[in-house]
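*Asks:* I am sharing target-v1.csv, which consists of CSV, C-alpha atoms:
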chain,number,residue,atom,x,y,z
A,1,MET,CA,-23.7,-32.2,-25.4
A,2,LYS,CA,-24.3,-28.6,-24.6
A,3,LEU,CA,-23.2,-27.1,-21.3
A,4,ILE,CA,-23.4,-23.6,-20.0
A,5,VAL,CA,-19.9,-22.6,-18.9
A,6,ASN,CA,-19.5,-19.2,-17.1
A,7,GLY,CA,-22.8,-18.2,-18.7
A,8,GLU,CA,-21.9,-19.2,-22.3
A,9,PRO,CA,-23.0,-22.2,-24.2
A,10,VAL,CA,-20.2,-24.7,-24.8
A,11,GLN,CA,-20.3,-27.9,-27.0
A,12,THR,CA,-18.3,-30.7,-25.5
A,13,ASP,CA,-17.9,-34.5,-25.6
A,14,ARG,CA,-16.3,-34.5,-22.1
A,15,VAL,CA,-18.5,-36.0,-19.4
A,16,VAL,CA,-16.4,-35.5,-16.3
A,17,LEU,CA,-15.6,-32.0,-14.9
A,18,ALA,CA,-11.8,-32.6,-14.7
A,19,ASP,CA,-11.8,-33.5,-18.4
A,20,LEU,CA,-13.8,-30.4,-19.3
A,21,LEU,CA,-11.4,-28.2,-17.4
A,22,GLU,CA,-8.5,-29.8,-19.3
A,23,GLN,CA,-10.2,-29.3,-22.6
A,24,LEU,CA,-10.9,-25.7,-21.9
A,25,GLY,CA,-7.3,-25.0,-20.9
A,26,TYR,CA,-7.8,-24.7,-17.2
A,27,GLY,CA,-5.8,-27.8,-16.4
A,28,ASN,CA,-2.9,-26.1,-14.7
A,29,ILE,CA,-4.2,-22.8,-13.4
A,30,VAL,CA,-5.8,-21.7,-10.2
A,31,VAL,CA,-9.5,-21.9,-10.5
A,32,ALA,CA,-12.5,-23.0,-8.3
A,33,THR,CA,-15.4,-24.8,-9.8
A,34,ALA,CA,-19.1,-25.2,-9.2
A,35,VAL,CA,-21.8,-27.2,-11.0
A,36,ASN,CA,-25.4,-26.1,-10.9
A,37,GLY,CA,-24.6,-23.7,-8.1
A,38,SER,CA,-22.8,-26.1,-5.8
A,39,PHE,CA,-19.1,-26.0,-5.1
A,40,VAL,CA,-17.0,-28.9,-6.5
A,41,PRO,CA,-13.7,-29.1,-4.7
A,42,VAL,CA,-10.5,-30.1,-6.6
A,43,PRO,CA,-10.5,-33.8,-5.3
A,44,ARG,CA,-14.0,-34.3,-6.6
A,45,ARG,CA,-13.5,-33.0,-10.1
A,46,ASN,CA,-12.5,-36.4,-11.3
A,47,GLU,CA,-15.7,-38.0,-10.1
A,48,THR,CA,-18.1,-35.3,-11.0
A,49,SER,CA,-20.0,-36.2,-14.1
A,50,LEU,CA,-21.7,-33.7,-16.4
A,51,GLU,CA,-25.1,-33.8,-18.1
A,52,GLU,CA,-26.7,-31.9,-20.9
A,53,GLY,CA,-27.5,-28.4,-19.8
A,54,ASP,CA,-25.4,-28.4,-16.6
A,55,LYS,CA,-24.3,-25.0,-15.5
A,56,VAL,CA,-20.6,-24.9,-14.8
A,57,GLU,CA,-18.8,-22.0,-13.1
A,58,ILE,CA,-15.0,-21.6,-13.4
A,59,LEU,CA,-13.8,-18.8,-11.1
A,60,ALA,CA,-10.4,-17.3,-10.7
A,61,PRO,CA,-8.9,-14.8,-8.3
A,62,MET,CA,-9.9,-11.2,-9.1
A,63,GLN,CA,-9.8,-7.7,-7.6
A,64,GLY,CA,-12.3,-7.1,-4.9
A,65,GLY,CA,-13.4,-4.5,-2.4
B,1,MET,CA,-6.4,-5.7,17.2
B,2,ASP,CA,-7.2,-9.3,17.4
B,3,VAL,CA,-9.6,-11.0,14.9
B,4,TYR,CA,-10.2,-14.7,15.1
B,5,GLY,CA,-7.0,-15.2,16.9
B,6,THR,CA,-4.9,-13.2,14.4
B,7,LYS,CA,-3.2,-10.1,15.7
B,8,LEU,CA,-3.2,-7.2,13.3
B,9,THR,CA,-1.1,-4.1,13.8
B,10,SER,CA,-2.6,-2.1,10.9
B,11,ARG,CA,-6.2,-0.9,11.4
B,12,LEU,CA,-6.7,-0.1,7.7
B,13,LEU,CA,-7.9,-2.9,5.5
B,14,LEU,CA,-7.8,-2.2,1.8
B,15,GLY,CA,-9.7,-3.3,-1.2
B,16,THR,CA,-7.9,-4.2,-4.4
B,17,SER,CA,-10.4,-3.2,-7.1
B,18,GLN,CA,-10.6,-0.2,-9.5
B,19,TYR,CA,-6.9,0.9,-9.4
B,20,PRO,CA,-5.5,2.4,-12.6
B,21,SER,CA,-2.9,-0.4,-12.8
B,22,PRO,CA,-1.5,-3.3,-10.8
B,23,ALA,CA,1.6,-1.3,-10.0
B,24,ILE,CA,-0.4,1.5,-8.5
B,25,LEU,CA,-2.4,-1.1,-6.5
B,26,ALA,CA,0.8,-2.4,-5.1
B,27,GLU,CA,2.1,1.1,-4.2
B,28,ALA,CA,-1.2,1.9,-2.5
B,29,VAL,CA,-1.1,-1.3,-0.4
B,30,ARG,CA,2.4,-0.4,0.8
B,31,ALA,CA,1.5,3.2,1.4
B,32,ALA,CA,-1.6,2.2,3.4
B,33,GLY,CA,0.6,-0.1,5.5
B,34,ALA,CA,-2.3,-2.6,5.1
B,35,GLU,CA,-1.8,-6.1,6.4
B,36,VAL,CA,-5.1,-7.3,5.0
B,37,VAL,CA,-6.5,-6.8,1.5
B,38,THR,CA,-9.9,-7.9,0.1
B,39,VAL,CA,-10.1,-10.0,-3.0
B,40,SER,CA,-12.8,-11.8,-4.9
B,41,LEU,CA,-13.6,-14.6,-7.4
B,42,ARG,CA,-14.9,-13.9,-10.9
B,43,ARG,CA,-15.4,-15.9,-14.1
B,44,GLU,CA,-12.0,-16.4,-15.7
B,45,SER,CA,-12.4,-15.0,-19.2
B,46,GLY,CA,-10.8,-16.4,-22.3
B,47,ALA,CA,-7.2,-16.5,-23.1
B,48,GLY,CA,-6.2,-13.5,-21.0
B,49,ARG,CA,-6.1,-15.4,-17.7
B,50,ALA,CA,-6.0,-12.1,-15.9
B,51,GLY,CA,-6.8,-13.7,-12.6
B,52,GLN,CA,-3.6,-15.6,-12.5
B,53,GLY,CA,-1.5,-12.4,-12.8
B,54,PHE,CA,-3.5,-10.7,-10.2
B,55,TRP,CA,-3.1,-13.6,-7.8
B,56,SER,CA,0.7,-13.6,-8.3
B,57,LEU,CA,0.8,-9.8,-7.6
B,58,ILE,CA,-1.2,-10.2,-4.4
B,59,ARG,CA,1.0,-13.1,-3.2
B,60,SER,CA,4.1,-10.9,-3.8
B,61,LEU,CA,2.7,-8.2,-1.4
B,62,ASP,CA,3.0,-10.4,1.7
B,63,VAL,CA,-0.4,-9.6,3.0
B,64,LYS,CA,-3.3,-11.6,4.3
B,65,VAL,CA,-6.2,-11.9,2.0
B,66,LEU,CA,-9.9,-11.5,2.9
B,67,PRO,CA,-12.0,-13.0,0.1
B,68,ASN,CA,-15.4,-11.5,-0.4
B,69,THR,CA,-18.7,-12.8,-1.7
B,70,ALA,CA,-19.5,-9.5,-3.6
B,71,GLY,CA,-22.3,-9.7,-6.1
B,72,CYS,CA,-24.0,-12.6,-4.3
B,73,HIS,CA,-27.7,-12.1,-3.9
B,74,THR,CA,-28.8,-15.4,-2.3
B,75,VAL,CA,-27.6,-17.5,0.6
B,76,LYS,CA,-26.7,-20.4,-1.8
B,77,GLU,CA,-24.6,-18.2,-4.0
B,78,ALA,CA,-22.8,-16.7,-1.1
B,79,VAL,CA,-22.1,-20.0,0.5
B,80,ALA,CA,-20.8,-21.6,-2.7
B,81,THR,CA,-18.7,-18.5,-3.4
B,82,ALA,CA,-17.2,-18.7,0.1
B,83,GLN,CA,-16.4,-22.4,-0.4
B,84,MET,CA,-14.7,-21.7,-3.7
B,85,ALA,CA,-12.7,-18.8,-2.2
B,86,ARG,CA,-11.5,-20.9,0.7
B,87,GLU,CA,-10.1,-23.4,-1.8
B,88,VAL,CA,-8.5,-20.9,-4.1
B,89,PHE,CA,-7.1,-18.5,-1.5
B,90,GLY,CA,-6.3,-21.0,1.2
B,91,THR,CA,-8.0,-19.1,4.0
B,92,SER,CA,-11.0,-19.6,6.1
B,93,TRP,CA,-11.6,-15.9,6.3
B,94,VAL,CA,-14.5,-14.6,4.3
B,95,LYS,CA,-16.0,-11.1,4.0
B,96,LEU,CA,-19.6,-12.2,3.7
B,97,GLU,CA,-21.8,-10.1,1.5
B,98,VAL,CA,-25.4,-11.0,0.7
B,99,ILE,CA,-26.7,-8.1,-1.3
B,100,GLY,CA,-30.4,-7.2,-1.2
B,101,HIS,CA,-30.6,-4.5,-3.8
B,102,HIS,CA,-28.8,-3.9,-7.1
B,103,ASP,CA,-29.0,-0.1,-6.7
B,104,THR,CA,-28.3,0.5,-3.0
B,105,LEU,CA,-26.1,-2.6,-2.5
B,106,GLN,CA,-27.8,-2.8,0.9
B,107,PRO,CA,-27.1,-6.0,2.7
B,108,ASP,CA,-29.9,-8.6,2.8
B,109,VAL,CA,-29.5,-9.0,6.5
B,110,PHE,CA,-31.9,-12.1,6.7
B,111,GLY,CA,-29.8,-13.9,4.1
B,112,LEU,CA,-26.6,-12.6,5.7
B,113,VAL,CA,-27.5,-14.2,9.1
B,114,GLU,CA,-28.4,-17.5,7.5
B,115,ALA,CA,-25.3,-17.7,5.4
B,116,ALA,CA,-23.2,-16.6,8.4
B,117,ARG,CA,-24.6,-19.5,10.4
B,118,ILE,CA,-24.0,-22.1,7.6
B,119,LEU,CA,-20.4,-20.9,7.0
B,120,SER,CA,-19.5,-20.6,10.7
B,121,GLU,CA,-20.7,-24.2,11.2
B,122,ASP,CA,-18.5,-25.2,8.2
B,123,GLY,CA,-15.4,-23.8,9.9
B,124,PHE,CA,-15.3,-20.4,8.2
B,125,GLN,CA,-14.3,-17.2,10.1
B,126,VAL,CA,-16.9,-14.8,8.9
B,127,PHE,CA,-16.5,-11.0,8.5
B,128,PRO,CA,-20.1,-10.0,7.8
B,129,TYR,CA,-20.8,-6.8,5.8
B,130,THR,CA,-23.9,-5.6,7.6
B,131,THR,CA,-26.0,-2.6,8.5
B,132,ASP,CA,-25.8,-0.7,11.8
B,133,ASP,CA,-28.9,-2.6,13.1
B,134,LEU,CA,-28.2,-3.9,16.6
B,135,ILE,CA,-30.6,-6.9,16.5
B,136,VAL,CA,-29.0,-8.1,13.3
B,137,ALA,CA,-25.6,-7.7,14.9
B,138,GLU,CA,-26.8,-9.8,17.8
B,139,LYS,CA,-28.0,-12.5,15.4
B,140,LEU,CA,-24.7,-12.5,13.6
B,141,LEU,CA,-22.8,-13.0,16.8
B,142,GLU,CA,-25.2,-15.9,17.7
B,143,ALA,CA,-24.5,-17.3,14.3
B,144,GLY,CA,-20.8,-17.5,15.1
B,145,CYS,CA,-19.3,-14.2,13.9
B,146,GLN,CA,-16.6,-12.8,16.1
B,147,VAL,CA,-16.3,-9.5,14.2
B,148,LEU,CA,-18.9,-7.1,12.7
B,149,MET,CA,-18.5,-4.8,9.7
B,150,PRO,CA,-21.3,-2.3,9.6
B,151,TRP,CA,-21.5,0.1,6.7
B,152,GLY,CA,-20.8,3.8,7.0
B,153,ALA,CA,-22.8,4.6,3.9
B,154,PRO,CA,-23.6,2.6,0.7
B,155,ILE,CA,-20.7,0.9,-1.0
B,156,GLY,CA,-18.8,3.2,-3.3
B,157,SER,CA,-20.8,6.3,-2.3
B,158,GLY,CA,-18.0,8.0,-0.4
B,159,ARG,CA,-20.5,9.7,1.9
B,160,GLY,CA,-18.8,8.9,5.2
B,161,LEU,CA,-20.7,8.0,8.3
B,162,ASN,CA,-24.4,8.4,7.5
B,163,ASN,CA,-25.7,7.5,10.9
B,164,LEU,CA,-23.4,8.5,13.7
B,165,PHE,CA,-26.0,7.8,16.4
B,166,ALA,CA,-26.4,4.2,15.2
B,167,LEU,CA,-22.7,3.6,14.9
B,168,ARG,CA,-22.1,5.0,18.4
B,169,SER,CA,-24.9,2.8,19.8
B,170,MET,CA,-23.3,-0.2,18.1
B,171,ARG,CA,-19.9,0.5,19.7
B,172,SER,CA,-21.4,0.9,23.1
B,173,HIS,CA,-23.6,-2.3,22.8
B,174,PHE,CA,-20.7,-4.5,21.7
B,175,PRO,CA,-17.7,-3.1,23.6
B,176,ASP,CA,-15.6,-6.3,23.3
B,177,ILE,CA,-16.4,-7.2,19.6
B,178,PRO,CA,-14.0,-6.0,16.9
B,179,LEU,CA,-16.0,-3.5,14.8
B,180,VAL,CA,-14.9,-2.5,11.4
B,181,VAL,CA,-16.5,0.3,9.4
B,182,ASP,CA,-16.8,-1.2,5.9
B,183,ALA,CA,-18.1,0.8,3.0
B,184,GLY,CA,-19.0,4.4,2.4
B,185,ILE,CA,-15.8,6.0,3.5
B,186,GLY,CA,-14.8,8.8,1.1
B,187,LEU,CA,-12.2,10.9,3.0
B,188,PRO,CA,-9.6,10.4,5.6
B,189,SER,CA,-11.7,12.6,8.0
B,190,HIS,CA,-14.5,10.0,7.7
B,191,ALA,CA,-12.1,7.2,8.7
B,192,ALA,CA,-10.7,9.3,11.6
B,193,GLN,CA,-14.2,10.0,12.8
B,194,ALA,CA,-15.0,6.3,12.9
B,195,MET,CA,-11.8,5.6,14.8
B,196,GLU,CA,-12.5,8.4,17.3
B,197,LEU,CA,-15.9,6.7,18.0
B,198,GLY,CA,-13.8,3.6,19.1
B,199,TYR,CA,-14.2,1.5,16.0
B,200,ASP,CA,-11.4,-1.0,15.7
B,201,ALA,CA,-10.6,-0.7,12.0
B,202,ILE,CA,-11.6,0.7,8.6
B,203,LEU,CA,-12.1,-1.3,5.4
B,204,LEU,CA,-12.2,0.8,2.2
B,205,ASN,CA,-11.5,0.6,-1.5
B,206,THR,CA,-13.0,3.2,-3.8
B,207,ALA,CA,-11.7,6.3,-1.8
B,208,VAL,CA,-8.1,5.2,-2.4
B,209,ALA,CA,-8.5,3.5,-5.8
B,210,LYS,CA,-10.4,6.4,-7.4
B,211,ALA,CA,-8.2,9.2,-6.0
B,212,GLY,CA,-6.0,11.1,-8.4
B,213,GLU,CA,-3.0,9.7,-6.6
B,214,PRO,CA,-4.0,6.4,-5.0
B,215,ALA,CA,-0.8,5.8,-3.1
B,216,ARG,CA,-0.8,9.3,-1.7
B,217,MET,CA,-4.4,8.9,-0.6
B,218,ALA,CA,-3.6,5.5,1.0
B,219,ALA,CA,-0.9,7.2,3.1
B,220,ALA,CA,-3.4,9.9,4.1
B,221,PHE,CA,-5.8,7.2,5.2
B,222,ARG,CA,-3.1,5.5,7.2
B,223,LEU,CA,-2.4,8.7,9.1
B,224,ALA,CA,-6.1,9.4,9.6
B,225,VAL,CA,-6.7,5.9,11.0
B,226,GLU,CA,-3.8,6.2,13.3
B,227,ALA,CA,-4.8,9.7,14.4
B,228,GLY,CA,-8.4,8.7,15.1
B,229,ARG,CA,-7.2,5.7,17.1
B,230,GLU,CA,-4.8,7.7,19.2
B,231,ALA,CA,-7.6,10.3,19.8
B,232,PHE,CA,-10.0,7.6,21.0
B,233,LEU,CA,-7.4,6.2,23.4
B,234,ALA,CA,-6.7,9.7,24.6
B,235,ASP,CA,-10.3,10.0,25.8
B,236,PRO,CA,-11.7,13.1,24.0
B,237,MET,CA,-13.3,16.0,25.9
B,238,GLU,CA,-17.1,16.2,25.9
B,239,PRO,CA,-18.5,18.9,23.6
B,240,ARG,CA,-20.4,21.7,25.3
B,241,ASP,CA,-23.1,24.1,24.2
B,242,MET,CA,-21.5,27.3,25.6
B,243,ALA,CA,-18.1,28.9,25.2
B,244,ALA,CA,-15.6,28.3,28.0
B,245,PRO,CA,-12.4,30.4,28.1
B,246,SER,CA,-9.3,28.3,27.7
B,247,THR,CA,-7.0,31.1,29.0
B,248,PRO,CA,-7.3,31.7,32.7
B,249,LEU,CA,-9.4,34.7,33.7
B,250,LEU,CA,-7.4,35.3,36.9
B,251,GLY,CA,-5.0,38.1,36.4
B,252,THR,CA,-6.6,39.5,33.2
B,253,ALA,CA,-5.2,43.1,32.6
B,254,PHE,CA,-7.2,46.3,32.6
B,255,ARG,CA,-9.9,44.9,34.9
B,256,ASN,CA,-10.8,46.4,38.3
As structure tokens, please, write out the structure in this file.

*Replies:*
Amino acid sequence: MKLIVNGEPVQTDRVVLADLLEQLGYGNIVVATAVNGSFVPVPRRNETSLEEGDKVEILAPMQGG
Amino acid sequence: MDVYGTKLTSRLLLGTSQYPSPAILAEAVRAAGAEVVTVSLRRESGAGRAGQGFWSLIRSLDVKVLPNTAGCHTVKEAVATAQMAREVFGTSWVKLEVIGHHDTLQPDVFGLVEAARILSEDGFQVFPYTTDDLIVAEKLLEAGCQVLMPWGAPIGSGRGLNNLFALRSMRSHFPDIPLVVDAGIGLPSHAAQAMELGYDAILLNTAVAKAGEPARMAAAFRLAVEAGREAFLADPMEPRDMAAPSTPLLGTAFRN
């Protein structure tokens, strides 16, 4: 299925958020996630299923003012 | 000063963006004597994983972090970003920005109050980036904020304190609330001026990051903030319209 990850189209067969993060190489790094604009905390990544067209945000610490 | 039960010795809060290099950022934070730095969350891009290196650097500086919601234009975006930041940075502090305009970066104060209420009820300690409007300030306090951060001038403009009258009014209306001038500071003299008005602290970024020598400018701001604070505590004289001799007239020579 096709997802939008950080604004870019991504083809994946993963249907759970935690698996998608693993596939994209975010398994062991500090990121925060949201699906369709709503925050998904770490403990809920395993139980958050993904559907065609879902918008996934993967955010990391960055400089800020 | 005391914010949300945390005692801060330094009254200069520093942003971490736009420095020429991570090393210069670290130097500037030290030179500023800052105990609090602002940070943000952004999309982690590709293989670079720049965010991880940045986060390691910040942790090595032994400072408190104040995550922002910069770039958020709706209540929903700001709330979700704050929740994500709380998880990543491990703090309930959030510098809440709900931006109304792309060009002026003026706060959307209606969205700001709503987001502040939602986040305060969710246990956040909200530092709202707001205007100098007194009614908005009251609503933010009602929503649960215990600190207010009015702008001096638009973000990144370096224009200093655009509306002295409004900032002075704000100080006198909220004598017991920590007030931080956030945004618009361009020079140490601007920071000193805000502190002389009785503001509790200054939050700035661009003025230091974009200086030719950021660490040197950070030190200049540290001195200005301290000077302004001392001047406020020393109870400045009232300005007058007419000259008044400072040297005694009594005993002046060559007079009858």

*Asks:* At a cut-off of 8 Å, list the chain A residues touching chain B, using all atoms listed in the file, as number ranges by chain.

*Replies:* A: 6, 29-34, 37-39, 41, 57-65

*Asks:* With only C-alpha atoms as the atoms that count, which of A:Asn36, A:Val42, A:Tyr26, A:Glu47 lies nearest to Gly7 (chain A)?

*Replies:* A:Asn36

*Asks:* What is the CA of Ala143 (chain B) to CA of Val181 (chain B) distance in Å?

*Replies:*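 CA of Val181 (chain B) lies 19.9 Å from CA of Ala143 (chain B).
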
*Asks:* Set up a box along x, y and z of the file covering all listed atoms of region 148-159 of chain B, add 8 Å on every one of the six sides, and write the centre and edge lengths in Å to one decimal, as JSON.

*Replies:*
{"center_x": -20.8, "center_y": 1.3, "center_z": 4.7, "size_x": 21.6, "size_y": 32.8, "size_z": 32.0}

*Asks:* Could you please determine the separation between CA of Thr104 (chain B) and CA of Arg159 (chain B) in Å, to one decimal place?

*Replies:*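 Interatomic distance, CA of Thr104 (chain B) to CA of Arg159 (chain B): 13.0 Å.
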
*Asks:* What separation in Å, quoted to one decimal, exists between CA of Phe165 (chain B) and CA of Met217 (chain B)?

*Replies:*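 Those two atoms sit 27.5 Å apart.
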
*Asks:* Region 212-215 of chain B: which residues within 10 Å, counting only C-alpha atoms, same-chain residues fewer than 3 positions away excluded, as a VMD selection string?

*Replies:* chain B and resid 19 to 20 24 to 32 206 to 209 218 to 221

*Asks:* Which polymer residues, protein or nucleic acid, are no farther than 6 Å from (-24.1, -27.5, -14.0), counting all atoms listed in the file, as a VMD selection string?

*Replies:* chain A and resid 35 to 36 54 to 56

*Asks:* Near Thr48 (chain A), within 8 Å and counting all atoms listed in the file, which residues show up once chain neighbours fewer than 6 positions away are dropped, as a PyMOL selection string?

*Replies:* chain A and resi 16-18+40

*Asks:* Would you list the contacts of region 122-130 of chain B as a PyMOL selection string, taking every protein, DNA or RNA residue within 7 Å and counting only C-alpha atoms, but skipping same-chain residues closer than 4 positions in sequence?

*Replies:* chain B and resi 4+92-97+107+109+116+118+145+147-151+182

*Asks:* Around the point (-15.4, 8.6, 1.1) (coordinates from the file), which residues reach within 6 Å if we count all atoms listed in the file? Answer as a ChimeraX atom specification.

*Replies:* /B:158-160,184-187,207

*Asks:* Would you mind telling me which residue in B:Val113, B:Ile202, B:Ala253, B:Val98 lies nearest to Arg229 (chain B) when using all atoms listed in the file?

*Replies:*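 Nearest to Arg229 (chain B): B:Ile202.
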